[in-house]
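**Q** My file is my_file17.cif. It has mmCIF, C-alpha atoms:
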```cif
data_query
#
loop_
_atom_site.label_atom_id
_atom_site.label_comp_id
_atom_site.auth_asym_id
_atom_site.auth_seq_id
_atom_site.Cartn_x
_atom_site.Cartn_y
_atom_site.Cartn_z
CA MET K 8 31.60 45.16 -149.69
CA ALA K 9 33.24 46.59 -146.56
CA PRO K 10 35.08 43.99 -144.45
CA GLU K 11 33.56 42.69 -141.23
CA PHE K 12 35.03 44.30 -138.15
CA SER K 13 34.63 44.06 -134.40
CA ILE K 14 34.65 46.61 -131.58
CA GLU K 15 35.51 45.54 -128.04
CA CYS K 16 36.04 47.31 -124.75
CA LEU K 17 39.58 46.13 -124.16
CA LEU K 18 39.89 47.69 -120.69
CA CYS K 19 37.12 49.11 -118.49
CA CYS K 20 39.46 51.60 -116.80
CA GLU K 21 36.85 54.34 -116.21
CA ASN K 22 39.23 57.13 -117.23
CA HIS K 23 37.92 60.53 -116.17
CA LEU K 24 39.22 61.95 -119.46
CA GLY K 25 41.12 59.29 -121.39
CA GLU K 26 43.23 60.82 -124.17
CA GLY K 27 46.28 60.50 -126.39
CA PRO K 28 46.63 56.77 -127.23
CA LEU K 29 50.19 56.10 -128.37
CA TRP K 30 51.40 52.79 -129.81
CA ASP K 31 55.08 52.01 -129.28
CA VAL K 32 56.25 49.78 -132.14
CA GLU K 33 59.46 48.90 -130.27
CA THR K 34 57.80 47.34 -127.21
CA GLN K 35 54.34 46.62 -128.68
CA HIS K 36 52.78 48.49 -125.77
CA LEU K 37 49.97 51.04 -125.82
CA TYR K 38 50.28 54.21 -123.74
CA TRP K 39 47.58 56.77 -123.02
CA VAL K 40 46.75 59.45 -120.45
CA ASP K 41 43.85 60.30 -118.19
CA SER K 42 44.09 64.06 -118.64
CA THR K 43 42.05 65.09 -115.60
CA GLY K 44 42.14 61.84 -113.65
CA ARG K 45 44.05 63.38 -110.77
CA ARG K 46 41.01 65.62 -110.11
CA VAL K 47 39.07 62.53 -108.99
CA GLY K 48 41.95 60.58 -107.46
CA LYS K 49 42.82 58.48 -110.53
CA ASP K 50 46.18 57.74 -112.14
CA ALA K 51 47.25 59.89 -115.09
CA ILE K 52 49.59 57.79 -117.26
CA TRP K 53 48.64 54.32 -118.47
CA ARG K 54 50.50 51.52 -120.25
CA MET K 55 49.11 48.22 -121.52
CA ASP K 56 50.59 45.15 -123.14
CA PRO K 57 47.59 43.93 -125.18
CA ALA K 58 49.25 40.55 -125.79
CA SER K 59 49.29 39.70 -122.08
CA GLY K 60 46.67 42.12 -120.76
CA HIS K 61 49.19 43.52 -118.25
CA VAL K 62 48.40 47.14 -117.25
CA GLU K 63 50.49 49.71 -115.34
CA SER K 64 49.64 53.26 -114.33
CA TRP K 65 51.30 56.28 -112.71
CA ALA K 66 49.89 59.21 -110.73
CA LEU K 67 50.62 62.88 -111.38
CA ASP K 68 49.82 65.94 -109.30
CA ARG K 69 48.59 68.05 -112.24
CA ASP K 70 46.58 67.66 -115.44
CA VAL K 71 48.31 66.05 -118.43
CA GLY K 72 47.36 66.78 -122.01
CA ALA K 73 49.67 64.52 -124.01
CA MET K 74 52.74 62.33 -123.90
CA ALA K 75 55.49 61.30 -126.32
CA LEU K 76 58.10 58.64 -125.73
CA ARG K 77 61.73 59.76 -125.92
CA VAL K 78 64.48 58.23 -128.04
CA LYS K 79 66.76 58.20 -124.99
CA GLY K 80 64.12 56.60 -122.74
CA GLY K 81 61.29 57.89 -120.60
CA ALA K 82 58.77 60.35 -121.95
CA VAL K 83 58.05 64.02 -122.45
CA LEU K 84 54.73 65.26 -121.06
CA ALA K 85 52.57 68.23 -121.96
CA LEU K 86 51.33 69.16 -118.49
CA ALA K 87 49.05 72.05 -117.60
CA ASP K 88 51.73 74.76 -117.68
CA GLY K 89 54.49 73.38 -119.89
CA PHE K 90 56.65 70.51 -121.08
CA TYR K 91 58.25 68.06 -118.66
CA GLY K 92 60.40 64.96 -118.76
CA PHE K 93 59.05 61.81 -117.12
CA ASN K 94 60.90 58.80 -115.73
CA PHE K 95 58.80 55.61 -115.73
CA ASP K 96 61.07 53.88 -113.21
CA SER K 97 61.01 56.60 -110.55
CA GLY K 98 57.85 58.49 -111.47
CA GLU K 99 59.86 61.74 -111.34
CA VAL K 100 58.80 64.76 -113.39
CA ASP K 101 61.36 67.40 -114.47
CA LEU K 102 60.59 70.78 -116.05
CA ILE K 103 61.78 71.35 -119.62
CA ALA K 104 59.98 74.60 -120.48
CA HIS K 105 56.96 76.61 -119.37
CA VAL K 106 54.43 78.03 -121.85
CA ASP K 107 53.01 81.53 -121.43
CA ASP K 108 49.31 80.75 -121.88
CA ASP K 109 47.08 82.18 -119.12
CA PRO K 110 47.60 79.74 -116.21
CA SER K 111 44.35 80.74 -114.50
CA ARG K 112 42.21 78.89 -117.07
CA ALA K 113 44.44 77.46 -119.84
CA ARG K 114 46.31 74.16 -119.93
CA LEU K 115 48.17 72.14 -122.54
CA ASN K 116 46.09 69.52 -124.30
CA ASP K 117 46.67 67.18 -127.24
CA GLY K 118 50.11 66.58 -128.78
CA LYS K 119 52.24 64.39 -131.07
CA CYS K 120 55.72 64.21 -132.62
CA ASP K 121 56.61 64.80 -136.24
CA ARG K 122 58.99 62.44 -138.02
CA GLU K 123 62.01 64.55 -137.11
CA GLY K 124 61.19 64.02 -133.42
CA ARG K 125 59.74 67.46 -132.65
CA PHE K 126 56.89 67.45 -130.11
CA PHE K 127 53.86 69.63 -130.87
CA ALA K 128 51.22 70.31 -128.21
CA GLY K 129 48.56 73.00 -127.99
CA GLY K 130 46.60 74.62 -125.20
CA MET K 131 42.93 74.72 -124.31
CA ASP K 132 40.74 77.08 -122.35
CA ASP K 133 39.48 74.87 -119.53
CA GLN K 134 36.05 76.48 -119.92
CA GLU K 135 36.15 75.87 -123.70
CA GLU K 136 35.14 79.43 -124.49
CA LEU K 137 38.02 81.84 -125.26
CA GLY K 138 40.69 81.76 -127.96
CA ILE K 139 43.52 82.37 -125.51
CA CYS K 140 45.85 79.46 -126.26
CA GLY K 141 48.79 78.68 -128.51
CA LEU K 142 50.19 75.68 -130.37
CA TRP K 143 53.76 74.97 -129.33
CA ARG K 144 56.69 73.10 -130.86
CA LEU K 145 59.33 71.61 -128.57
CA ASP K 146 62.46 70.93 -130.61
CA PRO K 147 65.03 68.21 -129.84
CA ASP K 148 67.40 70.89 -128.49
CA LEU K 149 64.59 71.67 -125.96
CA SER K 150 63.90 75.12 -127.43
CA LEU K 151 60.23 76.12 -127.52
CA THR K 152 58.41 77.95 -130.33
CA LYS K 153 54.80 79.12 -130.63
CA VAL K 154 53.54 78.21 -134.12
CA GLU K 155 49.83 79.11 -133.83
CA GLU K 156 47.66 81.24 -131.52
CA GLY K 157 44.08 82.27 -130.81
CA ILE K 158 43.06 78.68 -130.04
CA ILE K 159 40.12 77.65 -127.85
CA CYS K 160 40.85 73.91 -127.66
CA SER K 161 43.79 72.21 -129.41
CA ASN K 162 43.20 68.71 -130.71
CA GLY K 163 44.26 66.17 -133.30
CA PRO K 164 47.75 67.20 -134.45
CA CYS K 165 49.05 64.70 -137.02
CA TRP K 166 50.87 64.55 -140.34
CA SER K 167 50.24 63.02 -143.76
CA PRO K 168 52.47 60.01 -144.53
CA ASP K 169 54.52 62.11 -146.97
CA ASP K 170 55.05 64.82 -144.29
CA GLN K 171 53.73 67.49 -146.65
CA THR K 172 50.54 68.24 -144.68
CA PHE K 173 49.97 69.01 -141.00
CA TYR K 174 46.46 68.56 -139.59
CA PHE K 175 45.15 70.30 -136.49
CA ALA K 176 41.72 71.01 -134.99
CA ASP K 177 40.34 73.78 -132.82
CA THR K 178 37.51 71.71 -131.41
CA PHE K 179 35.07 74.46 -130.47
CA LYS K 180 35.60 76.41 -133.68
CA ASN K 181 34.10 73.36 -135.41
CA GLU K 182 36.99 72.99 -137.85
CA ILE K 183 39.85 70.68 -138.71
CA TRP K 184 42.60 72.57 -140.50
CA ALA K 185 45.27 71.49 -142.97
CA TYR K 186 48.60 73.29 -143.33
CA ASN K 187 51.52 72.96 -145.69
CA TYR K 188 54.34 71.47 -143.64
CA ASP K 189 58.09 72.01 -143.97
CA LEU K 190 59.65 68.97 -142.30
CA SER K 191 63.13 70.47 -142.49
CA THR K 192 62.15 73.37 -140.19
CA GLY K 193 59.03 72.08 -138.45
CA THR K 194 57.00 75.00 -139.79
CA PRO K 195 53.30 74.82 -140.72
CA SER K 196 51.95 77.43 -143.17
CA ASN K 197 49.00 78.21 -145.46
CA ARG K 198 46.23 77.20 -143.06
CA ARG K 199 42.92 76.23 -144.66
CA VAL K 200 39.79 74.38 -143.61
CA PHE K 201 40.16 70.65 -144.21
CA ALA K 202 36.79 69.63 -142.75
CA SER K 203 33.97 71.34 -140.86
CA THR K 204 32.03 69.75 -138.02
CA ALA K 205 29.50 72.59 -137.75
CA GLU K 206 26.66 70.39 -139.03
CA ASP K 207 27.76 67.28 -137.12
CA ALA K 208 26.37 65.97 -133.86
CA GLY K 209 29.85 65.91 -132.33
CA PHE K 210 33.05 67.94 -132.10
CA ALA K 211 36.46 67.03 -133.52
CA ASP K 212 38.76 65.56 -130.87
CA GLY K 213 41.91 63.44 -131.33
CA SER K 214 43.13 62.29 -134.76
CA THR K 215 45.59 60.02 -136.51
CA VAL K 216 46.46 59.31 -140.15
CA ASP K 217 46.59 55.90 -141.81
CA ALA K 218 49.09 54.59 -144.37
CA ASP K 219 46.77 55.58 -147.24
CA GLY K 220 46.81 59.21 -146.10
CA TYR K 221 43.27 59.25 -144.72
CA LEU K 222 42.65 61.12 -141.47
CA TRP K 223 40.75 59.43 -138.63
CA ASN K 224 39.03 61.66 -136.09
CA ALA K 225 37.24 60.79 -132.86
CA GLN K 226 34.14 62.94 -132.42
CA VAL K 227 33.41 63.64 -128.79
CA ILE K 228 29.70 63.89 -127.83
CA SER K 229 28.44 61.99 -130.90
CA GLY K 230 30.66 58.92 -130.47
CA ASP K 231 31.41 58.79 -134.20
CA LEU K 232 34.82 57.71 -135.47
CA ILE K 233 35.19 59.35 -138.87
CA ARG K 234 37.64 58.58 -141.67
CA TYR K 235 38.26 61.56 -143.95
CA ALA K 236 39.76 61.23 -147.44
CA PRO K 237 42.74 63.49 -148.28
CA ASP K 238 40.32 65.92 -149.95
CA GLY K 239 38.36 66.32 -146.69
CA SER K 240 35.33 64.28 -147.73
CA VAL K 241 33.90 61.70 -145.32
CA ASP K 242 34.98 58.21 -146.40
CA ARG K 243 33.29 56.25 -143.61
CA LYS K 244 31.78 56.61 -140.16
CA ILE K 245 31.91 54.08 -137.33
CA SER K 246 29.54 54.50 -134.37
CA MET K 247 31.31 53.61 -131.14
CA PRO K 248 29.59 52.05 -128.08
CA VAL K 249 30.02 55.25 -126.02
CA ARG K 250 29.34 58.86 -126.96
CA ASN K 251 32.34 60.62 -125.47
CA ILE K 252 35.21 59.12 -127.44
CA THR K 253 38.31 61.29 -127.36
CA SER K 254 41.16 60.02 -129.55
CA VAL K 255 42.29 57.28 -131.91
CA MET K 256 45.53 55.45 -132.76
CA PHE K 257 46.61 52.48 -134.88
CA GLY K 258 48.50 49.69 -133.14
CA GLY K 259 49.05 45.96 -132.97
CA PRO K 260 51.85 43.89 -134.53
CA ASP K 261 51.04 45.09 -138.07
CA LEU K 262 49.51 48.46 -137.09
CA MET K 263 46.13 47.16 -138.26
CA GLU K 264 44.22 47.49 -134.99
CA ILE K 265 42.59 50.75 -133.92
CA TYR K 266 42.59 51.90 -130.29
CA VAL K 267 40.07 54.49 -129.10
CA THR K 268 40.05 56.31 -125.74
CA SER K 269 37.00 57.77 -124.02
CA MET K 270 35.89 59.76 -120.99
CA ALA K 271 33.72 58.90 -118.00
CA ARG K 272 33.49 62.52 -116.82
CA VAL K 273 29.93 63.83 -116.64
CA SER K 274 30.52 67.26 -115.07
CA HIS K 275 32.02 69.74 -117.53
CA PRO K 276 33.28 73.28 -116.86
CA ALA K 277 32.45 74.30 -120.44
CA ALA K 278 30.78 77.65 -121.02
CA HIS K 279 29.00 76.26 -124.09
CA ASP K 280 26.05 73.84 -123.96
CA GLY K 281 27.51 71.17 -126.24
CA PHE K 282 27.66 68.50 -123.54
CA ALA K 283 24.51 66.70 -122.49
CA VAL K 284 23.59 67.01 -118.82
CA GLU K 285 24.26 63.60 -117.27
CA THR K 286 24.23 62.25 -113.74
CA LYS K 287 26.31 59.15 -114.46
CA PRO K 288 28.48 57.99 -117.35
CA GLN K 289 27.33 55.58 -120.02
CA PHE K 290 28.17 51.92 -119.55
CA ALA K 291 31.90 51.43 -120.35
CA ALA K 292 32.47 55.19 -120.65
CA GLY K 293 36.09 55.96 -119.89
CA GLY K 294 37.12 52.58 -121.27
CA LEU K 295 39.77 51.72 -123.84
CA PHE K 296 38.31 50.26 -127.04
CA ARG K 297 39.87 48.21 -129.84
CA ILE K 298 38.64 47.78 -133.41
CA ARG K 299 39.82 44.83 -135.48
CA GLY K 300 39.15 43.59 -138.98
CA LEU K 301 39.01 46.80 -141.01
CA GLY K 302 42.00 45.83 -143.15
CA ILE K 303 43.50 49.33 -142.86
CA GLN K 304 47.06 49.95 -141.69
CA GLY K 305 48.44 52.83 -139.67
CA VAL K 306 51.88 54.43 -139.60
CA PRO K 307 54.41 54.27 -136.74
CA GLU K 308 54.45 57.14 -134.25
CA PRO K 309 57.88 58.79 -133.86
CA ARG K 310 59.64 59.32 -130.54
CA PHE K 311 60.75 62.72 -129.27
CA ALA K 312 64.36 63.17 -130.32
CA GLY K 313 65.40 65.36 -127.39
#
```
For the file at hand, write its structure as structure tokens.

**A**
Amino acid sequence: MAPEFSIECLLCCENHLGEGPLWDVETQHLYWVDSTGRRVGKDAIWRMDPASGHVESWALDRDVGAMALRVKGGAVLALADGFYGFNFDSGEVDLIAHVDDDPSRARLNDGKCDREGRFFAGGMDDQEELGICGLWRLDPDLSLTKVEEGIICSNGPCWSPDDQTFYFADTFKNEIWAYNYDLSTGTPSNRRVFASTAEDAGFADGSTVDADGYLWNAQVISGDLIRYAPDGSVDRKISMPVRNITSVMFGGPDLMEIYVTSMARVSHPAAHDGFAVETKPQFAAGGLFRIRGLGIQGVPEPRFAG
């Protein structure tokens, strides 16, 4: 029998497009971003201490796709046009490297670090239509390499616990891919379909991997949190209280809690018709959710080594 579990809205923050939950094992804080919050006057970077409930947030003047904490302090951000350093104390943003995706409609989206401290982030067509974007690797020496191209909407980069497999989704191609991964060079190869969402009610958004090597994916539009076995089969499905969930991360003192971000945005620039026409968000949409009691443990997220 599956264990009893609970789902709670931990923070009703009404994120326009909440994304990228990141648990810091050193400080026991959860970070996440509101990717397009600045478009509606909301803060972009969020930090919460779940033990005390204390919340902080920072504003940015451009869209943010992802964030990684840095070994030396602060963070590295995947902003619309490239990678930037961020200082939590001053709020200052400093350019590291631009990407060459079409700036008129492309922006960087989801990202994570591998266990050598390299930061991967990929682009998305803001109209979710054209395969015009790349997947980029920012190395600790701050050099930038394109490792994949032809992407409509990058999501869900993560690695198996043994570092042998890299997972990545192009949301609007309805596929999650698996690659062989060379940790010594940071090179993915031998792309194949890990799972298809073509017959699902939702699209693959953010992902993480648990200590057993199962991949968890947040399906935007359907509100389903899906756990895939290493062979790509569906192990279990959890229906969340809101439809537009966006990403997932393990956290808590023993990495046995699951945090899920969501979006309150109801107006979408997408060229496709995958989003329902809404006039107001669902109750608690844009909130931060926590799942407890599943008895499943995550793995620590690395910091950027540069």

**Q** Do a neighbour search on segment 73-75 of chain K at 10 Å with all atoms listed in the file, toss out local chain neighbours closer than 5 positions, and write the hits as a PyMOL selection string.

**A** chain K and resi 26-29+31+38-42+52+81-87+90-93+115-120+124-129+308-312

**Q** Using only C-alpha atoms, which residue out of K:Ser161, K:Thr286, K:Gln171, K:Ser97 lies closest to Gly220 of chain K?

**A**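 Among the listed residues, the smallest separation from Gly220 of chain K belongs to K:Gln171.
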
**Q** What does the distance from atom CA of Pro248 of chain K to atom CA of Gly302 of chain K come to in Å, to one decimal?

**A**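 Those two atoms sit 20.5 Å apart.
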
**Q** Report the distance between atom CA of Ile159 of chain K and atom CA of Val47 of chain K in Å, rounded to one decimal place.

**A**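 Going from atom CA of Ile159 of chain K over to atom CA of Val47 of chain K covers 24.2 Å.
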
**Q** If the PyMOL selection byres ((chain K and resi 18) around 7) is run on the structure shown, which residues does it catch, given as number ranges by chain?

**A** K: 16-17, 19-20, 294-295

**Q** Skipping near chain neighbours, those fewer than 6 positions away, what residues fall within 8 Å of Glu15 of chain K using all atoms listed in the file, listed as a list in words?

**A**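 The residues that qualify are Phe296, Arg297 and Ile298 of chain K.
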
**Q** Nearest to Gly48 of chain K among K:His36, K:Ala66, K:Tyr174, K:Asp121, with distances taken over only C-alpha atoms: which residue is it?

**A**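 Going through K:His36, K:Ala66, K:Tyr174, K:Asp121 one by one, the smallest distance to Gly48 of chain K is for K:Ala66.
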